[in-house]
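Raw structure_38.cif, mmCIF, C-alpha atoms (C1' of nucleotides):
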data_target
loop_
_atom_site.label_atom_id
_atom_site.label_comp_id
_atom_site.auth_asym_id
_atom_site.auth_seq_id
_atom_site.Cartn_x
_atom_site.Cartn_y
_atom_site.Cartn_z
CA MET A 1 1.39 -22.94 -11.65
CA LYS A 2 -0.92 -25.74 -10.69
CA ASN A 3 0.46 -26.49 -7.27
CA LYS A 4 -2.05 -28.05 -5.00
CA LEU A 5 -1.50 -27.63 -1.31
CA ASP A 6 -2.28 -30.35 1.16
CA GLN A 7 -2.74 -30.52 4.88
CA ILE A 8 0.98 -30.67 5.52
CA ASP A 9 1.54 -27.44 3.62
CA PHE A 10 -1.15 -25.69 5.62
CA LYS A 11 0.26 -26.98 8.87
CA ILE A 12 3.71 -25.75 7.94
CA ILE A 13 2.27 -22.32 7.25
CA SER A 14 0.31 -22.34 10.48
CA ILE A 15 3.36 -23.18 12.53
CA LEU A 16 5.76 -20.83 10.78
CA SER A 17 3.25 -17.99 10.77
CA ASP A 18 3.51 -17.87 14.52
CA GLU A 19 7.16 -18.75 14.81
CA ALA A 20 9.00 -17.98 11.61
CA GLN A 21 12.35 -18.68 13.20
CA MET A 22 11.57 -22.20 14.33
CA PRO A 23 14.11 -24.64 12.85
CA TYR A 24 12.70 -26.83 10.11
CA THR A 25 13.84 -29.90 11.97
CA GLU A 26 11.52 -29.00 14.80
CA VAL A 27 8.65 -28.38 12.42
CA ALA A 28 9.40 -31.79 10.92
CA LYS A 29 9.22 -33.40 14.34
CA LYS A 30 5.85 -31.81 15.07
CA LEU A 31 4.39 -33.03 11.80
CA ILE A 32 6.19 -36.36 11.88
CA VAL A 33 7.81 -36.01 8.49
CA SER A 34 11.45 -35.64 7.53
CA PRO A 35 13.26 -32.30 7.64
CA GLY A 36 13.90 -32.58 3.91
CA THR A 37 10.18 -32.61 3.27
CA ILE A 38 9.65 -29.37 5.18
CA HIS A 39 12.45 -27.83 3.27
CA ALA A 40 11.03 -28.89 -0.09
CA ARG A 41 7.53 -27.71 0.82
CA VAL A 42 8.66 -24.32 2.02
CA ARG A 43 10.72 -23.83 -1.11
CA LYS A 44 7.75 -24.79 -3.24
CA MET A 45 5.52 -22.28 -1.47
CA LYS A 46 8.12 -19.56 -1.84
CA GLU A 47 8.37 -20.28 -5.54
CA MET A 48 4.59 -20.13 -5.83
CA GLY A 49 4.69 -16.69 -4.26
CA LEU A 50 2.54 -17.79 -1.35
CA ILE A 51 5.29 -17.16 1.17
CA THR A 52 6.68 -13.76 0.34
CA GLY A 53 9.08 -13.45 3.21
CA ALA A 54 9.33 -13.32 6.95
CA SER A 55 9.41 -10.38 9.29
CA LEU A 56 9.98 -9.56 12.91
CA ASN A 57 7.11 -8.58 15.13
CA LEU A 58 8.13 -5.51 17.06
CA ASP A 59 6.56 -3.78 20.00
CA TYR A 60 7.24 -0.21 19.04
CA SER A 61 6.12 1.13 22.39
CA LYS A 62 9.16 -0.51 23.98
CA ILE A 63 11.42 1.94 22.21
CA GLY A 64 9.24 4.93 22.81
CA TRP A 65 7.15 4.88 19.67
CA LYS A 66 3.89 4.88 21.52
CA LEU A 67 1.34 5.94 18.93
CA THR A 68 -0.20 3.78 16.25
CA VAL A 69 -2.56 5.77 14.06
CA PHE A 70 -4.81 4.84 11.18
CA LEU A 71 -5.77 7.44 8.63
CA GLY A 72 -8.72 7.19 6.28
CA ILE A 73 -8.03 9.43 3.34
CA TYR A 74 -10.48 11.04 0.90
CA LEU A 75 -9.10 12.11 -2.44
CA SER A 76 -10.29 15.11 -4.40
CA LYS A 77 -10.35 12.82 -7.44
CA SER A 78 -10.33 9.05 -7.12
CA SER A 79 -8.03 8.72 -10.08
CA LEU A 80 -5.27 10.42 -8.12
CA TYR A 81 -4.78 7.35 -5.91
CA LYS A 82 -1.62 6.20 -7.64
CA GLN A 83 0.20 9.47 -7.27
CA VAL A 84 -0.96 10.02 -3.69
CA MET A 85 0.09 6.50 -2.71
CA ASP A 86 3.51 7.15 -4.17
CA ASP A 87 3.80 10.29 -2.07
CA LEU A 88 2.68 8.43 1.05
CA VAL A 89 5.35 5.78 0.55
CA LYS A 90 7.94 8.50 1.03
CA ILE A 91 6.79 9.23 4.57
CA ASN A 92 8.93 7.17 6.89
CA GLU A 93 6.34 6.83 9.60
CA VAL A 94 3.84 5.20 7.26
CA VAL A 95 4.07 1.42 7.36
CA LYS A 96 1.03 0.21 5.43
CA ILE A 97 -0.96 1.70 2.58
CA HIS A 98 -4.17 0.23 1.23
CA HIS A 99 -6.11 1.40 -1.75
CA THR A 100 -9.71 0.76 -0.72
CA THR A 101 -13.26 0.96 -1.89
CA GLY A 102 -15.97 2.25 0.40
CA LYS A 103 -15.96 5.42 2.41
CA PHE A 104 -12.26 6.10 2.07
CA ASP A 105 -10.07 5.99 -0.99
CA ILE A 106 -6.86 5.17 0.81
CA PHE A 107 -6.25 3.72 4.20
CA ILE A 108 -2.88 3.90 5.95
CA LYS A 109 -1.23 2.87 9.17
CA MET A 110 1.57 4.80 10.79
CA HIS A 111 3.71 4.74 13.90
CA THR A 112 4.95 7.83 15.69
CA ARG A 113 6.79 8.53 18.91
CA ASP A 114 4.11 10.67 20.53
CA SER A 115 1.28 13.03 19.72
CA MET A 116 3.61 15.91 18.92
CA HIS A 117 5.51 13.79 16.47
CA TYR A 118 2.22 12.61 15.01
CA ARG A 119 0.89 16.11 14.59
CA GLU A 120 4.06 17.20 12.89
CA VAL A 121 3.97 14.33 10.39
CA TYR A 122 0.26 14.78 9.86
CA GLN A 123 0.36 18.50 9.23
CA ASN A 124 3.64 18.81 7.38
CA GLN A 125 3.78 15.59 5.43
CA VAL A 126 0.35 14.06 5.01
CA LEU A 127 -1.69 17.20 4.47
CA ALA A 128 0.99 18.59 2.19
CA ILE A 129 0.27 15.93 -0.40
CA ASN A 130 -1.63 17.11 -3.45
CA GLY A 131 -4.93 15.46 -4.13
CA ILE A 132 -5.93 14.71 -0.54
CA LYS A 133 -9.33 16.22 0.16
CA GLY A 134 -9.78 15.08 3.70
CA VAL A 135 -8.53 12.74 6.39
CA GLU A 136 -10.07 10.97 9.31
CA SER A 137 -7.80 9.64 11.99
CA PHE A 138 -8.13 6.77 14.43
CA ILE A 139 -5.67 6.28 17.20
CA SER A 140 -5.08 2.71 18.22
CA VAL A 141 -5.41 2.31 21.95
CA GLU A 142 -4.86 -1.40 22.04
CA GLU A 143 -3.87 -4.04 19.53
CA LYS A 144 -5.58 -7.23 20.37
CA LEU A 145 -4.78 -9.88 17.86
CA ILE A 146 -1.99 -10.72 15.51
CA ARG A 147 -2.44 -13.97 13.75
CA HIS A 148 -2.80 -15.59 10.42
CA ILE A 149 -5.65 -17.50 8.99
CA GLN A 150 -6.06 -21.05 10.13
CA PHE A 151 -6.61 -22.83 6.87
CA ASP A 152 -8.83 -25.79 7.40
CA SER A 153 -9.20 -26.58 3.77
CA MET B 1 15.10 -2.39 32.37
CA LYS B 2 17.69 0.23 31.48
CA ASN B 3 18.69 -1.13 28.12
CA LYS B 4 19.82 1.52 25.74
CA LEU B 5 19.80 0.63 22.10
CA ASP B 6 22.53 1.75 19.78
CA GLN B 7 22.98 1.93 16.03
CA ILE B 8 23.89 -1.72 15.78
CA ASP B 9 20.66 -2.79 17.48
CA PHE B 10 18.64 -0.67 15.10
CA LYS B 11 20.47 -2.03 12.11
CA ILE B 12 19.84 -5.57 13.27
CA ILE B 13 16.15 -4.80 13.55
CA SER B 14 16.10 -3.14 10.15
CA ILE B 15 17.69 -6.12 8.49
CA LEU B 16 15.68 -8.79 10.25
CA SER B 17 12.44 -6.90 9.80
CA ASP B 18 12.75 -7.45 6.10
CA GLU B 19 14.30 -10.88 6.24
CA ALA B 20 13.59 -12.59 9.52
CA GLN B 21 15.06 -15.84 8.33
CA MET B 22 18.45 -14.47 7.41
CA PRO B 23 21.16 -16.35 9.32
CA TYR B 24 22.77 -14.35 12.09
CA THR B 25 26.18 -15.04 10.60
CA GLU B 26 25.14 -13.17 7.51
CA VAL B 27 23.79 -10.27 9.54
CA ALA B 28 27.11 -10.24 11.37
CA LYS B 29 28.98 -10.03 8.10
CA LYS B 30 26.85 -7.11 6.90
CA LEU B 31 27.43 -5.16 10.08
CA ILE B 32 31.05 -6.26 10.45
CA VAL B 33 30.68 -7.64 13.95
CA SER B 34 30.97 -11.19 15.22
CA PRO B 35 28.09 -13.67 15.13
CA GLY B 36 28.14 -13.82 18.91
CA THR B 37 27.34 -10.12 19.10
CA ILE B 38 24.29 -10.44 16.90
CA HIS B 39 23.11 -13.33 18.98
CA ALA B 40 23.53 -11.46 22.24
CA ARG B 41 21.81 -8.35 20.88
CA VAL B 42 18.83 -10.22 19.54
CA ARG B 43 18.42 -12.08 22.81
CA LYS B 44 18.60 -8.80 24.70
CA MET B 45 15.90 -7.26 22.52
CA LYS B 46 13.69 -10.30 22.92
CA GLU B 47 14.07 -10.12 26.68
CA MET B 48 13.18 -6.42 26.59
CA GLY B 49 10.00 -7.34 24.76
CA LEU B 50 10.95 -5.24 21.75
CA ILE B 51 11.11 -8.26 19.47
CA THR B 52 7.97 -10.22 20.16
CA GLY B 53 8.40 -12.89 17.54
CA ALA B 54 8.67 -13.45 13.84
CA SER B 55 6.03 -14.30 11.30
CA LEU B 56 5.71 -15.30 7.69
CA ASN B 57 4.40 -12.86 5.15
CA LEU B 58 1.80 -14.61 3.08
CA ASP B 59 0.13 -13.64 -0.15
CA TYR B 60 -3.33 -14.94 0.60
CA SER B 61 -4.53 -14.35 -2.93
CA LYS B 62 -2.19 -17.12 -4.10
CA ILE B 63 -4.34 -19.68 -2.33
CA GLY B 64 -7.61 -18.19 -3.35
CA TRP B 65 -8.25 -15.89 -0.39
CA LYS B 66 -8.72 -12.85 -2.54
CA LEU B 67 -10.49 -10.37 -0.27
CA THR B 68 -8.92 -8.21 2.40
CA VAL B 69 -11.53 -6.16 4.21
CA PHE B 70 -11.32 -3.55 6.94
CA LEU B 71 -14.29 -2.97 9.20
CA GLY B 72 -14.82 0.14 11.30
CA ILE B 73 -17.14 -0.79 14.13
CA TYR B 74 -19.40 1.44 16.20
CA LEU B 75 -20.47 0.13 19.58
CA SER B 76 -23.80 0.83 21.22
CA LYS B 77 -21.87 1.57 24.39
CA SER B 78 -18.14 2.30 24.34
CA SER B 79 -17.63 0.34 27.52
CA LEU B 80 -18.55 -2.85 25.69
CA TYR B 81 -15.29 -2.85 23.76
CA LYS B 82 -13.68 -5.56 25.84
CA GLN B 83 -16.47 -8.04 25.40
CA VAL B 84 -16.91 -7.29 21.70
CA MET B 85 -13.19 -7.66 21.07
CA ASP B 86 -13.27 -11.02 22.79
CA ASP B 87 -16.09 -12.12 20.50
CA LEU B 88 -14.23 -10.86 17.44
CA VAL B 89 -11.16 -12.89 18.37
CA LYS B 90 -13.24 -16.01 17.93
CA ILE B 91 -13.88 -15.30 14.26
CA ASN B 92 -11.24 -17.14 12.30
CA GLU B 93 -11.18 -14.74 9.38
CA VAL B 94 -10.29 -11.79 11.61
CA VAL B 95 -6.55 -11.24 11.79
CA LYS B 96 -6.15 -7.88 13.52
CA ILE B 97 -8.24 -6.03 16.07
CA HIS B 98 -7.56 -2.49 17.22
CA HIS B 99 -9.37 -0.60 19.95
CA THR B 100 -9.38 2.94 18.62
CA THR B 101 -10.39 6.46 19.47
CA GLY B 102 -11.99 8.66 16.85
CA LYS B 103 -14.89 7.86 14.63
CA PHE B 104 -14.84 4.12 15.25
CA ASP B 105 -14.56 2.23 18.49
CA ILE B 106 -12.97 -0.87 17.05
CA PHE B 107 -11.14 -1.42 13.83
CA ILE B 108 -10.48 -4.86 12.39
CA LYS B 109 -8.86 -6.50 9.40
CA MET B 110 -10.05 -9.74 7.91
CA HIS B 111 -9.28 -12.07 5.03
CA THR B 112 -11.91 -14.03 3.12
CA ARG B 113 -11.94 -16.21 0.06
CA ASP B 114 -14.42 -14.15 -1.94
CA SER B 115 -17.36 -11.81 -1.56
CA MET B 116 -19.79 -14.62 -0.75
CA HIS B 117 -17.55 -15.87 2.00
CA TYR B 118 -17.16 -12.30 3.22
CA ARG B 119 -20.89 -11.69 3.26
CA GLU B 120 -21.47 -14.87 5.18
CA VAL B 121 -18.90 -14.02 7.85
CA TYR B 122 -20.11 -10.44 8.02
CA GLN B 123 -23.79 -11.27 8.38
CA ASN B 124 -23.60 -14.38 10.50
CA GLN B 125 -20.62 -13.73 12.68
CA VAL B 126 -19.82 -10.04 12.90
CA LEU B 127 -23.34 -8.65 13.02
CA ALA B 128 -24.38 -11.39 15.43
CA ILE B 129 -22.14 -9.94 18.14
CA ASN B 130 -23.95 -8.11 20.91
CA GLY B 131 -23.05 -4.49 21.40
CA ILE B 132 -22.22 -3.64 17.80
CA LYS B 133 -24.29 -0.69 16.67
CA GLY B 134 -22.97 -0.27 13.19
CA VAL B 135 -20.19 -1.21 10.82
CA GLU B 136 -18.50 0.45 7.89
CA SER B 137 -16.52 -1.70 5.53
CA PHE B 138 -13.57 -0.96 3.29
CA ILE B 139 -12.36 -3.45 0.79
CA SER B 140 -8.66 -3.37 0.09
CA VAL B 141 -7.99 -3.23 -3.61
CA GLU B 142 -4.25 -3.01 -3.37
CA GLU B 143 -1.70 -3.25 -0.59
CA LYS B 144 1.14 -0.96 -1.36
CA LEU B 145 3.65 -1.02 1.42
CA ILE B 146 4.82 -3.41 4.04
CA ARG B 147 7.74 -2.21 5.99
CA HIS B 148 8.93 -1.29 9.39
CA ILE B 149 10.11 1.99 10.72
CA GLN B 150 13.62 3.01 9.84
CA PHE B 151 14.92 4.12 13.20
CA ASP B 152 17.45 6.81 12.72
CA SER B 153 17.83 7.56 16.37
"C1'" DG C 1 30.57 -5.87 26.52
"C1'" DG C 2 32.79 -7.76 22.21
"C1'" DT C 3 35.48 -11.53 19.82
"C1'" DG C 4 36.50 -15.81 17.82
"C1'" DA C 5 36.73 -20.59 17.98
"C1'" DA C 6 34.74 -25.05 18.86
"C1'" DA C 7 31.06 -28.50 19.54
"C1'" DG C 8 26.76 -29.51 18.27
"C1'" DA C 9 22.79 -28.79 15.26
"C1'" DA C 10 20.43 -27.42 11.07
"C1'" DT C 11 20.41 -26.79 6.22
"C1'" DG C 12 20.05 -28.10 1.58
"C1'" DG C 13 21.38 -31.18 -1.97
"C1'" DA C 14 21.64 -35.92 -4.12
"C1'" DA C 15 20.49 -40.51 -4.77
"C1'" DG C 16 17.40 -44.19 -3.98
"C1'" DC C 17 12.99 -45.96 -3.01
"C1'" DG D 1 7.34 -37.09 -4.23
"C1'" DC D 2 9.16 -38.53 0.21
"C1'" DT D 3 13.14 -40.13 2.79
"C1'" DT D 4 17.72 -40.80 4.33
"C1'" DC D 5 22.34 -39.45 4.21
"C1'" DC D 6 26.16 -36.30 4.14
"C1'" DA D 7 28.90 -32.29 3.36
"C1'" DT D 8 28.43 -27.65 4.26
"C1'" DT D 9 26.98 -23.96 6.88
"C1'" DC D 10 24.92 -21.94 10.96
"C1'" DT D 11 24.07 -21.65 15.91
"C1'" DT D 12 25.29 -20.84 20.47
"C1'" DT D 13 28.23 -20.97 24.24
"C1'" DC D 14 32.39 -19.68 26.59
"C1'" DA D 15 37.02 -18.49 27.70
"C1'" DC D 16 39.61 -14.54 26.64
"C1'" DC D 17 40.33 -9.84 25.48
#

Please express what this file holds, its structure, as structure tokens.
Amino acid sequence: MKNKLDQIDFKIISILSDEAQMPYTEVAKKLIVSPGTIHARVRKMKEMGLITGASLNLDYSKIGWKLTVFLGIYLSKSSLYKQVMDDLVKINEVVKIHHTTGKFDIFIKMHTRDSMHYREVYQNQVLAINGIKGVESFISVEEKLIRHIQFDS
Amino acid sequence: MKNKLDQIDFKIISILSDEAQMPYTEVAKKLIVSPGTIHARVRKMKEMGLITGASLNLDYSKIGWKLTVFLGIYLSKSSLYKQVMDDLVKINEVVKIHHTTGKFDIFIKMHTRDSMHYREVYQNQVLAINGIKGVESFISVEEKLIRHIQFDS
DNA sequence: GGTGAAAGAATGGAAGC
DNA sequence: GCTTCCATTCTTTCACC
């Protein structure tokens, strides 16, 4: 797995990170290489596991899901993280789960329609999980930046 | 802006959220509608602002960016959030910035190559910003779930 | 507002450089 | 390992339902 990436690879990633649906021919034009090259590079990076997929960016508030909430979770025993994470996966409103070191043991992100919906999920689903000692919540008021790393090297 | 979404719209979003690069013809086949319908629906949702774009999912660790860190930031005055967020945008390693209520004023996510790189960015760039009173950091050990909401309604 | 077909464009190999 | 070429497949529009 000794695939070295060059500037062209990084530029492809930079472009597609912002606009995953841009046709490869257009990417090729921007970088002044042939479409076949883009194709081969992208396939290589997918095989390497660098590119794991592509997803839509959605503005949930446009369909009435107005709340984005982060929860910092304390476990009663740190070793329970695996089981608690498995339980969290089952909650539909949870979109990201991170096992972390530092103040919290687990950090999650969730979307809900409104504060009532949030409270319901929080009380009936999150707090019902065994092994959770405490939770701190942070409501996102504004999301400022969505981007990927600009790789200069 | 009275665009009601139906089951087909939600299914399109569900499919493309996982696989943004899937051809519309294939989406059409899955949902048993014509390609033209998919096209029209996606365009409608883009015009509504629901779909804001598409991005690649990258596994940064594959190119040696092994650390994902969350920082919870306390401001010396809450009103400074705008200016501090603008300064944070300028840091290349920062990929997400949320203005939050709760314990922290601002919550960010960043990627770095290793702990030395992290320390350097943290000390020289984050702490150098005016208006930041304190920071708590959480290092992500494992990312468990990347998905979008399954809209049932 | 959906369908299906048609023209144009992009994809994804293969062969050669 | 990149490029060009080509057959296949996809996109995108539009007249019709």

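Put simply, the PyMOL selection byres ((chain A and resi 57) around 9) in this file takes in A:Ser55, A:Leu56, A:Leu58, A:Asp59, B:Ser17, B:Leu50, B:Ile51, B:Thr52, B:Gly53, B:Ala54, B:Ser55.
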
For C-alpha atoms, I'd like the residues from the last selection saved as a PDB file, in the coordinates of the input.
ATOM      1  CA  SER A  55       9.410 -10.380   9.290  1.00  0.00           C
ATOM      2  CA  LEU A  56       9.980  -9.560  12.910  1.00  0.00           C
ATOM      3  CA  LEU A  58       8.130  -5.510  17.060  1.00  0.00           C
ATOM      4  CA  ASP A  59       6.560  -3.780  20.000  1.00  0.00           C
TER       5      ASP A  59
ATOM      6  CA  SER B  17      12.440  -6.900   9.800  1.00  0.00           C
ATOM      7  CA  LEU B  50      10.950  -5.240  21.750  1.00  0.00           C
ATOM      8  CA  ILE B  51      11.110  -8.260  19.470  1.00  0.00           C
ATOM      9  CA  THR B  52       7.970 -10.220  20.160  1.00  0.00           C
ATOM     10  CA  GLY B  53       8.400 -12.890  17.540  1.00  0.00           C
ATOM     11  CA  ALA B  54       8.670 -13.450  13.840  1.00  0.00           C
ATOM     12  CA  SER B  55       6.030 -14.300  11.300  1.00  0.00           C
TER      13      SER B  55
END

| request: Do me a favour and pick out the residues of chain C within 8 Å of chain B, using only C-alpha atoms (C1' of nucleotides), as a PyMOL selection string. | output: chain C and resi 2-4

| Once the PyMOL selection byres ((chain D) within 12 of (chain A)) has been applied to the shown file, what residues remain in the selection, as a list in words? | DG1, DC2, DT3, DT4, DC5, DC10 and DT11 of chain D

| Nearby residues, (30.5, -29.2, 20.7) file frame, 12 Å, all atoms listed in the file, as an MDAnalysis selection string | (chainID C and resid 5:9) or (chainID D and resid 11:14)

| query | If you apply the PyMOL selection byres ((chain A) within 7 of (chain B)) to this file, what residues do you get, as number ranges by chain? | reply | A: 16-21, 49-60, 62, 92-93, 95-103, 137-150

| task | Quote the spacing between CA of Tyr118 (chain A) and CA of Leu67 (chain A) in Å to one decimal place. | result |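 Going from CA of Tyr118 (chain A) over to CA of Leu67 (chain A) covers 7.8 Å.
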
Starting from the incomplete input, reconstruct all heavy atoms of region 134-144 of chain B and report them as an mmCIF file, keeping the file's coordinate frame.
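Once everything was written out, this is result13.cif:
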data_model
loop_
_atom_site.group_PDB
_atom_site.id
_atom_site.type_symbol
_atom_site.label_atom_id
_atom_site.label_comp_id
_atom_site.auth_asym_id
_atom_site.auth_seq_id
_atom_site.Cartn_x
_atom_site.Cartn_y
_atom_site.Cartn_z
ATOM 1 N N GLY B 134 -23.085 -0.447 14.632
ATOM 2 C CA GLY B 134 -22.970 -0.270 13.190
ATOM 3 C C GLY B 134 -21.578 -0.613 12.708
ATOM 4 O O GLY B 134 -20.643 -0.703 13.498
ATOM 5 N N VAL B 135 -21.473 -0.814 11.412
ATOM 6 C CA VAL B 135 -20.190 -1.210 10.820
ATOM 7 C C VAL B 135 -20.014 -0.492 9.491
ATOM 8 O O VAL B 135 -20.968 -0.363 8.723
ATOM 9 C CB VAL B 135 -20.156 -2.734 10.573
ATOM 10 C CG1 VAL B 135 -18.835 -3.133 9.919
ATOM 11 C CG2 VAL B 135 -20.365 -3.520 11.857
ATOM 12 N N GLU B 136 -18.821 -0.021 9.237
ATOM 13 C CA GLU B 136 -18.500 0.450 7.890
ATOM 14 C C GLU B 136 -17.388 -0.406 7.341
ATOM 15 O O GLU B 136 -16.431 -0.715 8.038
ATOM 16 C CB GLU B 136 -18.053 1.919 7.928
ATOM 17 C CG GLU B 136 -19.222 2.868 8.116
ATOM 18 C CD GLU B 136 -18.817 4.324 7.897
ATOM 19 O OE1 GLU B 136 -17.966 4.581 7.031
ATOM 20 O OE2 GLU B 136 -19.354 5.189 8.613
ATOM 21 N N SER B 137 -17.522 -0.789 6.082
ATOM 22 C CA SER B 137 -16.520 -1.700 5.530
ATOM 23 C C SER B 137 -15.727 -1.046 4.409
ATOM 24 O O SER B 137 -16.230 -0.218 3.657
ATOM 25 C CB SER B 137 -17.191 -2.973 5.035
ATOM 26 O OG SER B 137 -18.085 -2.666 3.992
ATOM 27 N N PHE B 138 -14.470 -1.436 4.327
ATOM 28 C CA PHE B 138 -13.570 -0.960 3.290
ATOM 29 C C PHE B 138 -12.845 -2.151 2.711
ATOM 30 O O PHE B 138 -12.195 -2.889 3.433
ATOM 31 C CB PHE B 138 -12.527 0.000 3.879
ATOM 32 C CG PHE B 138 -13.109 0.960 4.844
ATOM 33 C CD1 PHE B 138 -13.046 0.715 6.202
ATOM 34 C CD2 PHE B 138 -13.773 2.101 4.399
ATOM 35 C CE1 PHE B 138 -13.608 1.596 7.109
ATOM 36 C CE2 PHE B 138 -14.338 2.981 5.296
ATOM 37 C CZ PHE B 138 -14.266 2.736 6.657
ATOM 38 N N ILE B 139 -13.021 -2.324 1.433
ATOM 39 C CA ILE B 139 -12.360 -3.450 0.790
ATOM 40 C C ILE B 139 -11.026 -2.996 0.230
ATOM 41 O O ILE B 139 -10.941 -1.974 -0.454
ATOM 42 C CB ILE B 139 -13.249 -4.009 -0.336
ATOM 43 C CG1 ILE B 139 -14.496 -4.629 0.290
ATOM 44 C CG2 ILE B 139 -12.477 -5.014 -1.178
ATOM 45 C CD1 ILE B 139 -15.560 -5.000 -0.710
ATOM 46 N N SER B 140 -9.988 -3.739 0.573
ATOM 47 C CA SER B 140 -8.660 -3.370 0.090
ATOM 48 C C SER B 140 -8.475 -3.845 -1.346
ATOM 49 O O SER B 140 -8.590 -5.022 -1.647
ATOM 50 C CB SER B 140 -7.582 -3.990 0.970
ATOM 51 O OG SER B 140 -6.309 -3.784 0.384
ATOM 52 N N VAL B 141 -8.196 -2.904 -2.205
ATOM 53 C CA VAL B 141 -7.990 -3.230 -3.610
ATOM 54 C C VAL B 141 -6.528 -3.541 -3.868
ATOM 55 O O VAL B 141 -6.177 -4.359 -4.678
ATOM 56 C CB VAL B 141 -8.430 -2.035 -4.498
ATOM 57 C CG1 VAL B 141 -8.170 -2.340 -5.961
ATOM 58 C CG2 VAL B 141 -9.896 -1.700 -4.258
ATOM 59 N N GLU B 142 -5.684 -2.869 -3.131
ATOM 60 C CA GLU B 142 -4.250 -3.010 -3.370
ATOM 61 C C GLU B 142 -3.503 -2.682 -2.087
ATOM 62 O O GLU B 142 -3.805 -1.699 -1.423
ATOM 63 C CB GLU B 142 -3.832 -2.018 -4.469
ATOM 64 C CG GLU B 142 -2.366 -2.094 -4.847
ATOM 65 C CD GLU B 142 -1.951 -0.948 -5.775
ATOM 66 O OE1 GLU B 142 -2.830 -0.179 -6.199
ATOM 67 O OE2 GLU B 142 -0.742 -0.832 -6.030
ATOM 68 N N GLU B 143 -2.548 -3.532 -1.745
ATOM 69 C CA GLU B 143 -1.700 -3.250 -0.590
ATOM 70 C C GLU B 143 -0.357 -2.785 -1.104
ATOM 71 O O GLU B 143 0.299 -3.481 -1.860
ATOM 72 C CB GLU B 143 -1.544 -4.493 0.283
ATOM 73 C CG GLU B 143 -0.769 -4.220 1.546
ATOM 74 C CD GLU B 143 -0.749 -5.414 2.493
ATOM 75 O OE1 GLU B 143 -0.017 -6.379 2.229
ATOM 76 O OE2 GLU B 143 -1.485 -5.380 3.478
ATOM 77 N N LYS B 144 0.011 -1.588 -0.696
ATOM 78 C CA LYS B 144 1.140 -0.960 -1.360
ATOM 79 C C LYS B 144 2.463 -1.134 -0.631
ATOM 80 O O LYS B 144 3.505 -1.237 -1.245
ATOM 81 C CB LYS B 144 0.843 0.541 -1.474
ATOM 82 C CG LYS B 144 1.911 1.380 -2.124
ATOM 83 C CD LYS B 144 1.895 1.232 -3.630
ATOM 84 C CE LYS B 144 2.850 2.230 -4.259
ATOM 85 N NZ LYS B 144 2.876 2.093 -5.702
#
